[in-house]
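Reading through the structure tokens given below for one structure.
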Amino acid sequence: MDCARFFEAVDELVGDRLVRSRQTQTGGQCVVDFFHPSTAARLGDDSLVTAFNRSGIVWAPPARRLGVQLRVPEADETRVRAALERGPFPVDRTDHRGASAPDGEMVMLVHYAVRETDVDDDDFRATLAAVAAALDPADA
């Protein structure tokens with residue numbers, strides 16, 4: 001799957017849930033970066049604080065390597081992790097950090113990652129479906 005097909009699949013399966021998404025190609029990788037809706041709702045989507053808390057989906061075509069990084073408020077951690085775990089690959093909690101919300105409250109953001117190589121088309125689509133569920137606040 002080349003970058004054009006990757007971008008089409010992301011648009012089809014998760015595109016309407018992404019906040020301020022960008023598509024880029026760099027170093028042989030296809031990248032869609034965005035704000036998780038919960039992060040944008042809590043921190044906004046136009047500040048330096050949120051600029052460092054973008055999420056992303058990366059596809060490296062030659063190795064069929066897929067990477068997903070979601071940065072979400074801790075209040076959504078259980079729901080997001082459960083949605084990602086419905087996908088075919090292991091989910092790792094990779095980091096956490098505090099960020100100041102516009103109202104001055106400190107918000108803890110947790111980072112979840114999925115990384116896999118030799119991803120077939122069915123598992124790719126199943127992973128994107130899990131990401132879509134993790135982006136949807138109504139999907140509990």
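Residues are named by chain letter and number: chains run A, B, ... in the order of the structure tokens, numbers start at 1 in each chain, and ligands are numbered from 1 in the order shown.
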(request) For Asp121 in chain A, list every protein, DNA or RNA residue within 10 Å, evaluated using only C-alpha atoms, and leave out those in the same chain fewer than 5 positions away; present the list as a list in words. (result) Met1, Arg64, Ala126 and Thr127 of chain A
(request) List the neighbours of Phe34 in chain A out to 8 Å using only C-alpha atoms; skip same-chain residues closer than 5 positions along the sequence, and give me the result as a VMD selection string. (result) chain A and resid 18 to 22 54 to 56
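Closest approach to Met108 in chain A among A:Val72, A:Leu66, A:Cys3, A:Val58 is made by A:Val72 (distances from only C-alpha atoms).
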Considering only C-alpha atoms, tabulate each residue of range 6-74 of chain A that lies at most 10 Å from range 86-96 of chain A along with its nearest interatomic pair and the corresponding distance in Å to one decimal; arrange the rows by chain and ascending residue number and present them as a Markdown table.
| residue | atom | partner | partner_atom | distance |
| --- | --- | --- | --- | --- |
| A:Val68 | CA | A:Val91 | CA | 9.4 |
| A:Gln69 | CA | A:Thr94 | CA | 9.0 |
| A:Leu70 | CA | A:Arg93 | CA | 9.6 |
| A:Arg71 | CA | A:His96 | CA | 8.4 |
| A:Val72 | CA | A:His96 | CA | 9.3 |
| A:Pro73 | CA | A:His96 | CA | 9.4 |
| A:Glu74 | CA | A:His96 | CA | 8.6 |
Take the residues that were just selected and, keeping N, CA and C atoms, output them as a compact mmCIF listing (two decimals), in the first residue's frame.
# COMPACT_ATOMS: atom_id res chain seq x y z
N VAL A 68 0.90 3.97 15.60
CA VAL A 68 -0.18 4.84 16.07
C VAL A 68 0.26 5.41 17.41
N GLN A 69 0.12 6.71 17.58
CA GLN A 69 0.39 7.36 18.87
C GLN A 69 -0.80 8.24 19.19
N LEU A 70 -1.48 7.95 20.29
CA LEU A 70 -2.60 8.79 20.74
C LEU A 70 -2.24 9.44 22.06
N ARG A 71 -2.43 10.74 22.12
CA ARG A 71 -2.19 11.51 23.35
C ARG A 71 -3.54 12.05 23.81
N VAL A 72 -3.97 11.57 24.98
CA VAL A 72 -5.33 11.86 25.44
C VAL A 72 -5.33 12.26 26.91
N PRO A 73 -6.32 13.06 27.32
CA PRO A 73 -6.45 13.36 28.75
C PRO A 73 -6.65 12.09 29.56
N GLU A 74 -6.05 12.08 30.72
CA GLU A 74 -6.13 10.91 31.60
C GLU A 74 -7.57 10.50 31.89
(message) Env of Ala75 in chain A: 10 Å cut, atoms = only C-alpha atoms, seq-sep filter 2 positions within chain, self excluded. Answer as a ChimeraX atom specification.
(response) /A:38,72-73,77-80,107-110
(request) Determine, counting only C-alpha atoms, which protein, DNA and RNA residues have an atom within 6 Å of an atom of Gly67 in chain A; residues of the same chain fewer than 4 positions away are not included. Present the result as a list in words. (result) Ile57, Val58, Val114 and Arg115 of chain A
Produce a file of the selected residues containing N, CA and C atoms, as a short mmCIF file (atom, residue, chain, number, x, y, z; two decimals), in the first residue's frame.
data_model
loop_
_atom_site.label_atom_id
_atom_site.label_comp_id
_atom_site.auth_asym_id
_atom_site.auth_seq_id
_atom_site.Cartn_x
_atom_site.Cartn_y
_atom_site.Cartn_z
N ILE A 57 -0.74 8.82 13.05
CA ILE A 57 -0.76 7.49 12.44
C ILE A 57 0.31 7.51 11.36
N VAL A 58 1.23 6.55 11.40
CA VAL A 58 2.36 6.51 10.47
C VAL A 58 2.37 5.17 9.75
N VAL A 114 0.68 1.92 19.33
CA VAL A 114 0.60 0.63 18.65
C VAL A 114 1.70 0.66 17.59
N ARG A 115 2.55 -0.34 17.59
CA ARG A 115 3.63 -0.41 16.59
C ARG A 115 3.73 -1.85 16.11
#
(message) Please list as number ranges by chain every residue within 9 Å of Ala134 in chain A, counting only C-alpha atoms and excluding residues in the same chain fewer than 4 positions away.
(response) A: 36, 70, 79-84, 129-130, 139-140
Go ahead and write the residues just picked, N, CA and C atoms, as a PDB file, in the first residue's frame.
ATOM      1  N   HIS A  36      -6.329  14.521  19.130  1.00  0.00           N
ATOM      2  CA  HIS A  36      -7.423  13.679  19.597  1.00  0.00           C
ATOM      3  C   HIS A  36      -8.555  14.629  20.004  1.00  0.00           C
ATOM      4  N   LEU A  70      -1.481   7.952  20.295  1.00  0.00           N
ATOM      5  CA  LEU A  70      -2.600   8.786  20.740  1.00  0.00           C
ATOM      6  C   LEU A  70      -2.238   9.435  22.063  1.00  0.00           C
ATOM      7  N   ARG A  79     -11.301   4.397  28.477  1.00  0.00           N
ATOM      8  CA  ARG A  79     -12.093   4.242  27.253  1.00  0.00           C
ATOM      9  C   ARG A  79     -11.193   4.097  26.025  1.00  0.00           C
ATOM     10  N   VAL A  80     -10.153   4.923  25.936  1.00  0.00           N
ATOM     11  CA  VAL A  80      -9.249   4.882  24.781  1.00  0.00           C
ATOM     12  C   VAL A  80      -8.484   3.565  24.745  1.00  0.00           C
ATOM     13  N   ARG A  81      -7.964   3.150  25.878  1.00  0.00           N
ATOM     14  CA  ARG A  81      -7.218   1.889  25.918  1.00  0.00           C
ATOM     15  C   ARG A  81      -8.120   0.711  25.529  1.00  0.00           C
ATOM     16  N   ALA A  82      -9.332   0.684  26.057  1.00  0.00           N
ATOM     17  CA  ALA A  82     -10.262  -0.409  25.732  1.00  0.00           C
ATOM     18  C   ALA A  82     -10.558  -0.433  24.234  1.00  0.00           C
ATOM     19  N   ALA A  83     -10.739   0.730  23.620  1.00  0.00           N
ATOM     20  CA  ALA A  83     -11.012   0.781  22.183  1.00  0.00           C
ATOM     21  C   ALA A  83      -9.807   0.274  21.392  1.00  0.00           C
ATOM     22  N   LEU A  84      -8.609   0.713  21.756  1.00  0.00           N
ATOM     23  CA  LEU A  84      -7.409   0.267  21.039  1.00  0.00           C
ATOM     24  C   LEU A  84      -7.163  -1.223  21.215  1.00  0.00           C
ATOM     25  N   ALA A 129      -9.955   0.876  12.542  1.00  0.00           N
ATOM     26  CA  ALA A 129     -11.287   0.835  13.154  1.00  0.00           C
ATOM     27  C   ALA A 129     -11.167   1.003  14.676  1.00  0.00           C
ATOM     28  N   ALA A 130     -10.154   0.385  15.285  1.00  0.00           N
ATOM     29  CA  ALA A 130      -9.928   0.540  16.724  1.00  0.00           C
ATOM     30  C   ALA A 130      -9.558   1.996  17.044  1.00  0.00           C
ATOM     31  N   ASP A 139     -18.185   6.063  21.879  1.00  0.00           N
ATOM     32  CA  ASP A 139     -17.853   4.638  21.834  1.00  0.00           C
ATOM     33  C   ASP A 139     -17.195   4.249  23.137  1.00  0.00           C
ATOM     34  N   ALA A 140     -17.950   3.669  24.019  1.00  0.00           N
ATOM     35  CA  ALA A 140     -17.383   3.318  25.326  1.00  0.00           C
ATOM     36  C   ALA A 140     -17.127   1.832  25.433  1.00  0.00           C
TER      37      ALA A 140
END
